[in-house]
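coords19.pdb follows (PDB, N, CA and C atoms):
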```pdb
ATOM      1  N   MET Y 716      -5.014  21.607 -10.452
ATOM      2  CA  MET Y 716      -6.139  20.727 -10.641
ATOM      3  C   MET Y 716      -6.001  19.570  -9.654
ATOM      4  N   TYR Y 717      -7.099  19.227  -9.023
ATOM      5  CA  TYR Y 717      -7.108  18.159  -8.025
ATOM      6  C   TYR Y 717      -7.866  16.972  -8.608
ATOM      7  N   VAL Y 718      -7.219  15.825  -8.667
ATOM      8  CA  VAL Y 718      -7.796  14.634  -9.289
ATOM      9  C   VAL Y 718      -7.668  13.449  -8.340
ATOM     10  N   LEU Y 719      -8.749  12.698  -8.255
ATOM     11  CA  LEU Y 719      -8.749  11.446  -7.507
ATOM     12  C   LEU Y 719      -8.627  10.327  -8.533
ATOM     13  N   ILE Y 720      -7.680   9.426  -8.323
ATOM     14  CA  ILE Y 720      -7.473   8.298  -9.231
ATOM     15  C   ILE Y 720      -7.728   7.013  -8.459
ATOM     16  N   ALA Y 721      -8.620   6.185  -8.997
ATOM     17  CA  ALA Y 721      -8.935   4.890  -8.390
ATOM     18  C   ALA Y 721      -8.729   3.819  -9.458
ATOM     19  N   TYR Y 722      -8.068   2.738  -9.086
ATOM     20  CA  TYR Y 722      -7.816   1.697 -10.075
ATOM     21  C   TYR Y 722      -7.999   0.313  -9.471
ATOM     22  N   ASP Y 723      -8.327  -0.608 -10.348
ATOM     23  CA  ASP Y 723      -8.498  -2.014  -9.981
ATOM     24  C   ASP Y 723      -7.775  -2.825 -11.039
ATOM     25  N   VAL Y 724      -6.688  -3.459 -10.657
ATOM     26  CA  VAL Y 724      -5.869  -4.222 -11.592
ATOM     27  C   VAL Y 724      -5.999  -5.701 -11.265
ATOM     28  N   CYS Y 725      -6.260  -6.493 -12.287
ATOM     29  CA  CYS Y 725      -6.356  -7.944 -12.121
ATOM     30  C   CYS Y 725      -4.959  -8.490 -11.819
ATOM     31  N   THR Y 726      -4.802  -9.096 -10.647
ATOM     32  CA  THR Y 726      -3.487  -9.607 -10.237
ATOM     33  C   THR Y 726      -3.460 -11.131 -10.204
ATOM     34  N   ALA Y 727      -4.246 -11.756 -11.068
ATOM     35  CA  ALA Y 727      -4.300 -13.224 -11.115
ATOM     36  C   ALA Y 727      -3.007 -13.826 -11.653
ATOM     37  N   ASP Y 728      -2.223 -13.029 -12.361
ATOM     38  CA  ASP Y 728      -0.962 -13.536 -12.894
ATOM     39  C   ASP Y 728       0.170 -12.542 -12.617
ATOM     40  N   TYR Y 729       1.370 -12.931 -12.976
ATOM     41  CA  TYR Y 729       2.558 -12.115 -12.724
ATOM     42  C   TYR Y 729       2.470 -10.763 -13.425
ATOM     43  N   ASN Y 730       1.988 -10.752 -14.666
ATOM     44  CA  ASN Y 730       1.898  -9.496 -15.416
ATOM     45  C   ASN Y 730       0.951  -8.512 -14.743
ATOM     46  N   GLY Y 731      -0.130  -9.006 -14.173
ATOM     47  CA  GLY Y 731      -1.059  -8.142 -13.463
ATOM     48  C   GLY Y 731      -0.410  -7.510 -12.244
ATOM     49  N   LYS Y 732       0.368  -8.290 -11.516
ATOM     50  CA  LYS Y 732       1.068  -7.761 -10.344
ATOM     51  C   LYS Y 732       2.079  -6.689 -10.755
ATOM     52  N   LYS Y 733       2.738  -6.898 -11.902
ATOM     53  CA  LYS Y 733       3.680  -5.896 -12.414
ATOM     54  C   LYS Y 733       2.947  -4.605 -12.781
ATOM     55  N   ARG Y 734       1.806  -4.733 -13.441
ATOM     56  CA  ARG Y 734       1.021  -3.547 -13.809
ATOM     57  C   ARG Y 734       0.583  -2.787 -12.568
ATOM     58  N   LEU Y 735       0.119  -3.512 -11.561
ATOM     59  CA  LEU Y 735      -0.325  -2.891 -10.315
ATOM     60  C   LEU Y 735       0.803  -2.071  -9.696
ATOM     61  N   ASN Y 736       1.982  -2.658  -9.606
ATOM     62  CA  ASN Y 736       3.132  -1.952  -9.022
ATOM     63  C   ASN Y 736       3.548  -0.746  -9.858
ATOM     64  N   LYS Y 737       3.522  -0.878 -11.181
ATOM     65  CA  LYS Y 737       3.906   0.236 -12.052
ATOM     66  C   LYS Y 737       2.943   1.412 -11.903
ATOM     67  N   ILE Y 738       1.654   1.111 -11.872
ATOM     68  CA  ILE Y 738       0.664   2.185 -11.737
ATOM     69  C   ILE Y 738       0.808   2.874 -10.382
ATOM     70  N   ALA Y 739       0.996   2.089  -9.324
ATOM     71  CA  ALA Y 739       1.156   2.681  -7.991
ATOM     72  C   ALA Y 739       2.394   3.570  -7.917
ATOM     73  N   LYS Y 740       3.509   3.105  -8.454
ATOM     74  CA  LYS Y 740       4.745   3.896  -8.435
ATOM     75  C   LYS Y 740       4.587   5.182  -9.234
ATOM     76  N   LEU Y 741       3.871   5.107 -10.334
ATOM     77  CA  LEU Y 741       3.629   6.289 -11.149
ATOM     78  C   LEU Y 741       2.762   7.290 -10.393
ATOM     79  N   CYS Y 742       1.707   6.825  -9.752
ATOM     80  CA  CYS Y 742       0.799   7.711  -9.019
ATOM     81  C   CYS Y 742       1.489   8.386  -7.836
ATOM     82  N   VAL Y 743       2.410   7.686  -7.193
ATOM     83  CA  VAL Y 743       3.140   8.254  -6.047
ATOM     84  C   VAL Y 743       3.931   9.493  -6.465
ATOM     85  N   LYS Y 744       4.360   9.545  -7.707
ATOM     86  CA  LYS Y 744       5.114  10.705  -8.199
ATOM     87  C   LYS Y 744       4.253  11.960  -8.284
ATOM     88  N   TYR Y 745       2.939  11.770  -8.370
ATOM     89  CA  TYR Y 745       2.037  12.898  -8.590
ATOM     90  C   TYR Y 745       1.135  13.203  -7.399
ATOM     91  N   GLY Y 746       1.043  12.282  -6.452
ATOM     92  CA  GLY Y 746       0.107  12.516  -5.367
ATOM     93  C   GLY Y 746       0.332  11.636  -4.161
ATOM     94  N   GLN Y 747      -0.703  11.528  -3.372
ATOM     95  CA  GLN Y 747      -0.673  10.830  -2.089
ATOM     96  C   GLN Y 747      -1.640   9.652  -2.127
ATOM     97  N   ARG Y 748      -1.162   8.486  -1.708
ATOM     98  CA  ARG Y 748      -2.046   7.324  -1.587
ATOM     99  C   ARG Y 748      -2.951   7.544  -0.381
ATOM    100  N   VAL Y 749      -4.264   7.432  -0.589
ATOM    101  CA  VAL Y 749      -5.217   7.604   0.501
ATOM    102  C   VAL Y 749      -5.951   6.307   0.825
ATOM    103  N   GLN Y 750      -5.929   5.364  -0.071
ATOM    104  CA  GLN Y 750      -6.435   4.007   0.121
ATOM    105  C   GLN Y 750      -5.519   3.104  -0.695
ATOM    106  N   ASN Y 751      -5.676   1.790  -0.591
ATOM    107  CA  ASN Y 751      -4.773   0.884  -1.299
ATOM    108  C   ASN Y 751      -4.613   1.223  -2.774
ATOM    109  N   SER Y 752      -5.675   1.425  -3.479
ATOM    110  CA  SER Y 752      -5.608   1.719  -4.911
ATOM    111  C   SER Y 752      -6.298   3.035  -5.247
ATOM    112  N   VAL Y 753      -6.146   4.018  -4.363
ATOM    113  CA  VAL Y 753      -6.745   5.335  -4.562
ATOM    114  C   VAL Y 753      -5.703   6.401  -4.230
ATOM    115  N   PHE Y 754      -5.536   7.342  -5.171
ATOM    116  CA  PHE Y 754      -4.586   8.430  -4.985
ATOM    117  C   PHE Y 754      -5.276   9.764  -5.172
ATOM    118  N   GLU Y 755      -4.861  10.757  -4.371
ATOM    119  CA  GLU Y 755      -5.280  12.135  -4.545
ATOM    120  C   GLU Y 755      -4.084  12.884  -5.110
ATOM    121  N   CYS Y 756      -4.288  13.543  -6.257
ATOM    122  CA  CYS Y 756      -3.183  14.220  -6.938
ATOM    123  C   CYS Y 756      -3.517  15.688  -7.164
ATOM    124  N   LEU Y 757      -2.594  16.550  -6.817
ATOM    125  CA  LEU Y 757      -2.715  17.980  -7.075
ATOM    126  C   LEU Y 757      -1.591  18.338  -8.034
ATOM    127  N   ALA Y 758      -1.968  18.689  -9.270
ATOM    128  CA  ALA Y 758      -0.962  18.975 -10.292
ATOM    129  C   ALA Y 758      -1.562  19.865 -11.363
ATOM    130  N   GLU Y 759      -0.715  20.369 -12.208
ATOM    131  CA  GLU Y 759      -1.160  21.168 -13.343
ATOM    132  C   GLU Y 759      -1.905  20.253 -14.321
ATOM    133  N   PRO Y 760      -2.872  20.795 -15.062
ATOM    134  CA  PRO Y 760      -3.624  19.972 -16.011
ATOM    135  C   PRO Y 760      -2.736  19.192 -16.985
ATOM    136  N   ALA Y 761      -1.662  19.810 -17.454
ATOM    137  CA  ALA Y 761      -0.755  19.113 -18.380
ATOM    138  C   ALA Y 761      -0.092  17.909 -17.712
ATOM    139  N   GLU Y 762       0.254  18.052 -16.437
ATOM    140  CA  GLU Y 762       0.857  16.937 -15.699
ATOM    141  C   GLU Y 762      -0.145  15.803 -15.521
ATOM    142  N   ILE Y 763      -1.388  16.145 -15.244
ATOM    143  CA  ILE Y 763      -2.431  15.130 -15.090
ATOM    144  C   ILE Y 763      -2.635  14.379 -16.402
ATOM    145  N   GLU Y 764      -2.574  15.090 -17.520
ATOM    146  CA  GLU Y 764      -2.723  14.436 -18.823
ATOM    147  C   GLU Y 764      -1.576  13.469 -19.090
ATOM    148  N   VAL Y 765      -0.367  13.851 -18.693
ATOM    149  CA  VAL Y 765       0.793  12.953 -18.829
ATOM    150  C   VAL Y 765       0.586  11.715 -17.969
ATOM    151  N   LEU Y 766       0.174  11.924 -16.722
ATOM    152  CA  LEU Y 766      -0.083  10.805 -15.811
ATOM    153  C   LEU Y 766      -1.144   9.877 -16.390
ATOM    154  N   LYS Y 767      -2.236  10.446 -16.855
ATOM    155  CA  LYS Y 767      -3.321   9.653 -17.429
ATOM    156  C   LYS Y 767      -2.827   8.836 -18.624
ATOM    157  N   SER Y 768      -2.071   9.476 -19.492
ATOM    158  CA  SER Y 768      -1.531   8.798 -20.671
ATOM    159  C   SER Y 768      -0.635   7.624 -20.277
ATOM    160  N   GLU Y 769       0.219   7.837 -19.284
ATOM    161  CA  GLU Y 769       1.126   6.776 -18.835
ATOM    162  C   GLU Y 769       0.358   5.605 -18.217
ATOM    163  N   ILE Y 770      -0.643   5.914 -17.410
ATOM    164  CA  ILE Y 770      -1.455   4.853 -16.795
ATOM    165  C   ILE Y 770      -2.174   4.053 -17.873
ATOM    166  N   LEU Y 771      -2.734   4.751 -18.867
ATOM    167  CA  LEU Y 771      -3.465   4.059 -19.924
ATOM    168  C   LEU Y 771      -2.554   3.173 -20.773
ATOM    169  N   LYS Y 772      -1.271   3.525 -20.861
ATOM    170  CA  LYS Y 772      -0.306   2.684 -21.576
ATOM    171  C   LYS Y 772      -0.004   1.412 -20.784
ATOM    172  N   ILE Y 773       0.010   1.515 -19.465
ATOM    173  CA  ILE Y 773       0.359   0.382 -18.600
ATOM    174  C   ILE Y 773      -0.794  -0.590 -18.441
ATOM    175  N   MET Y 774      -1.997  -0.078 -18.254
ATOM    176  CA  MET Y 774      -3.132  -0.936 -17.909
ATOM    177  C   MET Y 774      -3.523  -1.867 -19.057
ATOM    178  N   ASN Y 775      -4.152  -2.963 -18.699
ATOM    179  CA  ASN Y 775      -4.724  -3.892 -19.661
ATOM    180  C   ASN Y 775      -6.217  -3.584 -19.725
ATOM    181  N   LYS Y 776      -6.667  -3.020 -20.824
ATOM    182  CA  LYS Y 776      -8.058  -2.577 -20.933
ATOM    183  C   LYS Y 776      -9.055  -3.727 -20.923
ATOM    184  N   GLU Y 777      -8.582  -4.948 -21.104
ATOM    185  CA  GLU Y 777      -9.448  -6.119 -21.062
ATOM    186  C   GLU Y 777      -9.615  -6.671 -19.637
ATOM    187  N   GLN Y 778      -8.687  -6.298 -18.723
ATOM    188  CA  GLN Y 778      -8.693  -6.876 -17.378
ATOM    189  C   GLN Y 778      -8.747  -5.856 -16.247
ATOM    190  N   ASP Y 779      -8.334  -4.633 -16.504
ATOM    191  CA  ASP Y 779      -8.174  -3.634 -15.445
ATOM    192  C   ASP Y 779      -9.178  -2.498 -15.609
ATOM    193  N   SER Y 780      -9.294  -1.698 -14.554
ATOM    194  CA  SER Y 780     -10.188  -0.539 -14.566
ATOM    195  C   SER Y 780      -9.501   0.622 -13.861
ATOM    196  N   VAL Y 781      -9.592   1.807 -14.461
ATOM    197  CA  VAL Y 781      -9.034   3.015 -13.864
ATOM    198  C   VAL Y 781     -10.064   4.128 -14.002
ATOM    199  N   ARG Y 782     -10.248   4.890 -12.925
ATOM    200  CA  ARG Y 782     -11.171   6.028 -12.933
ATOM    201  C   ARG Y 782     -10.428   7.282 -12.503
ATOM    202  N   PHE Y 783     -10.718   8.388 -13.193
ATOM    203  CA  PHE Y 783     -10.156   9.688 -12.867
ATOM    204  C   PHE Y 783     -11.314  10.608 -12.500
ATOM    205  N   TYR Y 784     -11.295  11.144 -11.294
ATOM    206  CA  TYR Y 784     -12.332  12.070 -10.832
ATOM    207  C   TYR Y 784     -11.706  13.453 -10.702
ATOM    208  N   ASN Y 785     -12.122  14.374 -11.558
ATOM    209  CA  ASN Y 785     -11.602  15.740 -11.515
ATOM    210  C   ASN Y 785     -12.395  16.523 -10.479
ATOM    211  N   LEU Y 786     -11.748  16.865  -9.375
ATOM    212  CA  LEU Y 786     -12.392  17.629  -8.307
ATOM    213  C   LEU Y 786     -12.141  19.128  -8.436
ATOM    214  N   GLY Y 787     -11.362  19.529  -9.425
ATOM    215  CA  GLY Y 787     -11.154  20.940  -9.714
ATOM    216  C   GLY Y 787     -10.320  21.676  -8.682
ATOM    217  N   GLU Y 788     -10.450  22.987  -8.724
ATOM    218  CA  GLU Y 788      -9.667  23.853  -7.840
ATOM    219  C   GLU Y 788     -10.318  24.021  -6.467
ATOM    220  N   ARG Y 789     -11.608  23.836  -6.369
ATOM    221  CA  ARG Y 789     -12.320  23.994  -5.094
ATOM    222  C   ARG Y 789     -12.571  22.635  -4.440
ATOM    223  N   TYR Y 790     -11.569  21.798  -4.481
ATOM    224  CA  TYR Y 790     -11.688  20.427  -3.998
ATOM    225  C   TYR Y 790     -11.978  20.319  -2.506
ATOM    226  N   LYS Y 791     -11.550  21.295  -1.712
ATOM    227  CA  LYS Y 791     -11.715  21.193  -0.257
ATOM    228  C   LYS Y 791     -13.180  21.105   0.156
ATOM    229  N   THR Y 792     -14.058  21.703  -0.624
ATOM    230  CA  THR Y 792     -15.484  21.645  -0.296
ATOM    231  C   THR Y 792     -16.131  20.351  -0.788
ATOM    232  N   LYS Y 793     -15.397  19.546  -1.528
ATOM    233  CA  LYS Y 793     -15.946  18.316  -2.104
ATOM    234  C   LYS Y 793     -15.465  17.051  -1.417
ATOM    235  N   ILE Y 794     -14.614  17.195  -0.413
ATOM    236  CA  ILE Y 794     -14.034  16.033   0.267
ATOM    237  C   ILE Y 794     -14.480  16.011   1.718
ATOM    238  N   GLU Y 795     -15.021  14.891   2.115
ATOM    239  CA  GLU Y 795     -15.348  14.660   3.529
ATOM    240  C   GLU Y 795     -14.568  13.429   3.969
ATOM    241  N   HIS Y 796     -13.970  13.504   5.131
ATOM    242  CA  HIS Y 796     -13.186  12.375   5.635
ATOM    243  C   HIS Y 796     -13.630  12.029   7.037
ATOM    244  N   TYR Y 797     -13.784  10.729   7.280
ATOM    245  CA  TYR Y 797     -14.148  10.227   8.610
ATOM    246  C   TYR Y 797     -13.259   9.037   8.924
ATOM    247  N   GLY Y 798     -12.926   8.866  10.166
ATOM    248  CA  GLY Y 798     -12.145   7.700  10.560
ATOM    249  C   GLY Y 798     -10.765   8.072  11.049
ATOM    250  N   ILE Y 799      -9.951   7.045  11.211
ATOM    251  CA  ILE Y 799      -8.678   7.208  11.904
ATOM    252  C   ILE Y 799      -7.557   7.791  11.073
ATOM    253  N   LYS Y 800      -7.550   7.547   9.775
ATOM    254  CA  LYS Y 800      -6.439   8.015   8.962
ATOM    255  C   LYS Y 800      -6.533   9.529   8.785
ATOM    256  N   GLN Y 801      -5.437  10.216   9.071
ATOM    257  CA  GLN Y 801      -5.418  11.667   8.962
ATOM    258  C   GLN Y 801      -5.662  12.081   7.522
ATOM    259  N   SER Y 802      -6.454  13.107   7.333
ATOM    260  CA  SER Y 802      -6.760  13.610   6.012
ATOM    261  C   SER Y 802      -5.509  14.205   5.384
ATOM    262  N   TYR Y 803      -5.407  14.103   4.085
ATOM    263  CA  TYR Y 803      -4.251  14.581   3.321
ATOM    264  C   TYR Y 803      -4.524  16.004   2.841
ATOM    265  N   ASP Y 804      -3.592  16.922   3.089
ATOM    266  CA  ASP Y 804      -3.698  18.297   2.608
ATOM    267  C   ASP Y 804      -2.616  18.528   1.553
ATOM    268  N   PRO Y 805      -2.969  18.443   0.270
ATOM    269  CA  PRO Y 805      -1.962  18.564  -0.777
ATOM    270  C   PRO Y 805      -1.314  19.946  -0.841
ATOM    271  N   GLY Y 806      -1.966  20.955  -0.315
ATOM    272  CA  GLY Y 806      -1.410  22.301  -0.324
ATOM    273  C   GLY Y 806      -0.598  22.606   0.907
ATOM    274  N   GLY Y 807      -0.562  21.668   1.851
ATOM    275  CA  GLY Y 807       0.159  21.881   3.103
ATOM    276  C   GLY Y 807       1.644  21.610   2.977
ATOM    277  N   GLU Y 808       2.325  21.692   4.095
ATOM    278  CA  GLU Y 808       3.754  21.457   4.119
ATOM    279  C   GLU Y 808       4.056  19.978   3.929
ATOM    280  N   LEU Y 809       5.158  19.707   3.256
ATOM    281  CA  LEU Y 809       5.610  18.339   3.043
ATOM    282  C   LEU Y 809       6.448  17.920   4.243
ATOM    283  N   LEU Y 810       6.009  16.867   4.919
ATOM    284  CA  LEU Y 810       6.739  16.366   6.081
ATOM    285  C   LEU Y 810       7.544  15.155   5.676
ATOM    286  N   LEU Y 811       8.804  15.157   5.999
ATOM    287  CA  LEU Y 811       9.674  14.017   5.655
ATOM    288  C   LEU Y 811      10.058  13.259   6.880
TER     289      LEU Y 811
END
```
Written as structure tokens, that's how I'd like the structure from this file.
Amino acid sequence: MYVLIAYDVCTADYNGKKRLNKIAKLCVKYGQRVQNSVFECLAEPAEIEVLKSEILKIMNKEQDSVRFYNLGERYKTKIEHYGIKQSYDPGGELLL
């Protein structure tokens, strides 16, 4: 399952900055950062549910916003990329 995760965390105080860092570190475990607060994740549905649950535990529902876009298995036909940053291929080889 291919999911796009976008989040906006209020960083007006120290706790907000901590939440922002925690969510980003969690998302890195499941996918690739494609914008500052946007991740593309390719994982099994159960893994995505775990990720979603963890993010919802971290976020402050009164101050923050998180969106999950399920692009499904045929995600390649749903993504268009323009500009300088190379497009991310989650099914491709991992380069270290």
**Study point:** strand (DSSP E or B) call set, DSSP backbone run, range 717-809 of chain Y, as a ChimeraX atom specification
**Key:** /Y:717-723,746-750,753-757,780-787
Could you dump the residues just selected with N, CA and C atoms as an mmCIF file, in the frame of the given file?
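Output file part-v8.cif is given in full below:
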```cif
data_model
loop_
_atom_site.group_PDB
_atom_site.id
_atom_site.type_symbol
_atom_site.label_atom_id
_atom_site.label_comp_id
_atom_site.auth_asym_id
_atom_site.auth_seq_id
_atom_site.Cartn_x
_atom_site.Cartn_y
_atom_site.Cartn_z
ATOM 1 N N TYR Y 717 -7.099 19.227 -9.023
ATOM 2 C CA TYR Y 717 -7.108 18.159 -8.025
ATOM 3 C C TYR Y 717 -7.866 16.972 -8.608
ATOM 4 N N VAL Y 718 -7.219 15.825 -8.667
ATOM 5 C CA VAL Y 718 -7.796 14.634 -9.289
ATOM 6 C C VAL Y 718 -7.668 13.449 -8.340
ATOM 7 N N LEU Y 719 -8.749 12.698 -8.255
ATOM 8 C CA LEU Y 719 -8.749 11.446 -7.507
ATOM 9 C C LEU Y 719 -8.627 10.327 -8.533
ATOM 10 N N ILE Y 720 -7.680 9.426 -8.323
ATOM 11 C CA ILE Y 720 -7.473 8.298 -9.231
ATOM 12 C C ILE Y 720 -7.728 7.013 -8.459
ATOM 13 N N ALA Y 721 -8.620 6.185 -8.997
ATOM 14 C CA ALA Y 721 -8.935 4.890 -8.390
ATOM 15 C C ALA Y 721 -8.729 3.819 -9.458
ATOM 16 N N TYR Y 722 -8.068 2.738 -9.086
ATOM 17 C CA TYR Y 722 -7.816 1.697 -10.075
ATOM 18 C C TYR Y 722 -7.999 0.313 -9.471
ATOM 19 N N ASP Y 723 -8.327 -0.608 -10.348
ATOM 20 C CA ASP Y 723 -8.498 -2.014 -9.981
ATOM 21 C C ASP Y 723 -7.775 -2.825 -11.039
ATOM 22 N N GLY Y 746 1.043 12.282 -6.452
ATOM 23 C CA GLY Y 746 0.107 12.516 -5.367
ATOM 24 C C GLY Y 746 0.332 11.636 -4.161
ATOM 25 N N GLN Y 747 -0.703 11.528 -3.372
ATOM 26 C CA GLN Y 747 -0.673 10.830 -2.089
ATOM 27 C C GLN Y 747 -1.640 9.652 -2.127
ATOM 28 N N ARG Y 748 -1.162 8.486 -1.708
ATOM 29 C CA ARG Y 748 -2.046 7.324 -1.587
ATOM 30 C C ARG Y 748 -2.951 7.544 -0.381
ATOM 31 N N VAL Y 749 -4.264 7.432 -0.589
ATOM 32 C CA VAL Y 749 -5.217 7.604 0.501
ATOM 33 C C VAL Y 749 -5.951 6.307 0.825
ATOM 34 N N GLN Y 750 -5.929 5.364 -0.071
ATOM 35 C CA GLN Y 750 -6.435 4.007 0.121
ATOM 36 C C GLN Y 750 -5.519 3.104 -0.695
ATOM 37 N N VAL Y 753 -6.146 4.018 -4.363
ATOM 38 C CA VAL Y 753 -6.745 5.335 -4.562
ATOM 39 C C VAL Y 753 -5.703 6.401 -4.230
ATOM 40 N N PHE Y 754 -5.536 7.342 -5.171
ATOM 41 C CA PHE Y 754 -4.586 8.430 -4.985
ATOM 42 C C PHE Y 754 -5.276 9.764 -5.172
ATOM 43 N N GLU Y 755 -4.861 10.757 -4.371
ATOM 44 C CA GLU Y 755 -5.280 12.135 -4.545
ATOM 45 C C GLU Y 755 -4.084 12.884 -5.110
ATOM 46 N N CYS Y 756 -4.288 13.543 -6.257
ATOM 47 C CA CYS Y 756 -3.183 14.220 -6.938
ATOM 48 C C CYS Y 756 -3.517 15.688 -7.164
ATOM 49 N N LEU Y 757 -2.594 16.550 -6.817
ATOM 50 C CA LEU Y 757 -2.715 17.980 -7.075
ATOM 51 C C LEU Y 757 -1.591 18.338 -8.034
ATOM 52 N N SER Y 780 -9.294 -1.698 -14.554
ATOM 53 C CA SER Y 780 -10.188 -0.539 -14.566
ATOM 54 C C SER Y 780 -9.501 0.622 -13.861
ATOM 55 N N VAL Y 781 -9.592 1.807 -14.461
ATOM 56 C CA VAL Y 781 -9.034 3.015 -13.864
ATOM 57 C C VAL Y 781 -10.064 4.128 -14.002
ATOM 58 N N ARG Y 782 -10.248 4.890 -12.925
ATOM 59 C CA ARG Y 782 -11.171 6.028 -12.933
ATOM 60 C C ARG Y 782 -10.428 7.282 -12.503
ATOM 61 N N PHE Y 783 -10.718 8.388 -13.193
ATOM 62 C CA PHE Y 783 -10.156 9.688 -12.867
ATOM 63 C C PHE Y 783 -11.314 10.608 -12.500
ATOM 64 N N TYR Y 784 -11.295 11.144 -11.294
ATOM 65 C CA TYR Y 784 -12.332 12.070 -10.832
ATOM 66 C C TYR Y 784 -11.706 13.453 -10.702
ATOM 67 N N ASN Y 785 -12.122 14.374 -11.558
ATOM 68 C CA ASN Y 785 -11.602 15.740 -11.515
ATOM 69 C C ASN Y 785 -12.395 16.523 -10.479
ATOM 70 N N LEU Y 786 -11.748 16.865 -9.375
ATOM 71 C CA LEU Y 786 -12.392 17.629 -8.307
ATOM 72 C C LEU Y 786 -12.141 19.128 -8.436
ATOM 73 N N GLY Y 787 -11.362 19.529 -9.425
ATOM 74 C CA GLY Y 787 -11.154 20.940 -9.714
ATOM 75 C C GLY Y 787 -10.320 21.676 -8.682
#
```
Exercise for review: Please evaluate the PyMOL selection byres (((chain Y and resi 736 and name CA) around 12) and name CA) against the displayed coordinates and give the resulting residues as a ChimeraX atom specification.
Suggested key: /Y:722-726,729-735,737-743,751-752,770,773-774
Practice item. Would you mind listing what lies within 12 Å of Glu762 in chain Y as a list in words, with only C-alpha atoms counted and same-chain residues fewer than 2 positions away left out? Key: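 Once the nearby chain positions are removed, what remains is Met716, Tyr717, Val718, Leu741, Cys742, Lys744, Tyr745, Gly746, Cys756, Leu757, Ala758, Glu759, Pro760, Glu764, Val765, Leu766, Lys767, Ser768 and Glu769 of chain Y.
Proximity to Val753 in chain Y was assessed for Y:Tyr797, Y:Arg789, Y:Lys776, Y:Leu719 counting all atoms listed in the file; the smallest distance is recorded for Y:Leu719.
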Practice item. Apply DSSP to the structure's backbone, then extract all residues of range 736-805 of chain Y labelled helix (DSSP H, G or I) and return them as a PyMOL selection string. Key: chain Y and resi 736-743+760-773+790-793
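If you look at CA of Ile799 in chain Y and CA of Gln750 in chain Y, they are 12.4 Å away from each other.
The interatomic distance for the pair CA of Ser780 in chain Y and CA of Ile720 in chain Y works out to 10.7 Å.
Rounded to one decimal, atom N of Phe754 in chain Y and atom N of Asp728 in chain Y lie 21.9 Å from each other.
Picked by the PyMOL selection byres ((chain Y and resi 783) around 6) from the coordinates shown: Leu719, Ile720, Ala721, Val781, Arg782, Tyr784 and Asn785 of chain Y.
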Keeping N, CA and C atoms, export the residues of the selection given above as a compact mmCIF listing (two decimals), keeping the file's coordinate frame.
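Okay, this is what ended up in out.txt:
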```
# COMPACT_ATOMS: atom_id res chain seq x y z
N LEU Y 719 -8.75 12.70 -8.26
CA LEU Y 719 -8.75 11.45 -7.51
C LEU Y 719 -8.63 10.33 -8.53
N ILE Y 720 -7.68 9.43 -8.32
CA ILE Y 720 -7.47 8.30 -9.23
C ILE Y 720 -7.73 7.01 -8.46
N ALA Y 721 -8.62 6.18 -9.00
CA ALA Y 721 -8.94 4.89 -8.39
C ALA Y 721 -8.73 3.82 -9.46
N VAL Y 781 -9.59 1.81 -14.46
CA VAL Y 781 -9.03 3.02 -13.86
C VAL Y 781 -10.06 4.13 -14.00
N ARG Y 782 -10.25 4.89 -12.92
CA ARG Y 782 -11.17 6.03 -12.93
C ARG Y 782 -10.43 7.28 -12.50
N TYR Y 784 -11.30 11.14 -11.29
CA TYR Y 784 -12.33 12.07 -10.83
C TYR Y 784 -11.71 13.45 -10.70
N ASN Y 785 -12.12 14.37 -11.56
CA ASN Y 785 -11.60 15.74 -11.52
C ASN Y 785 -12.40 16.52 -10.48
```
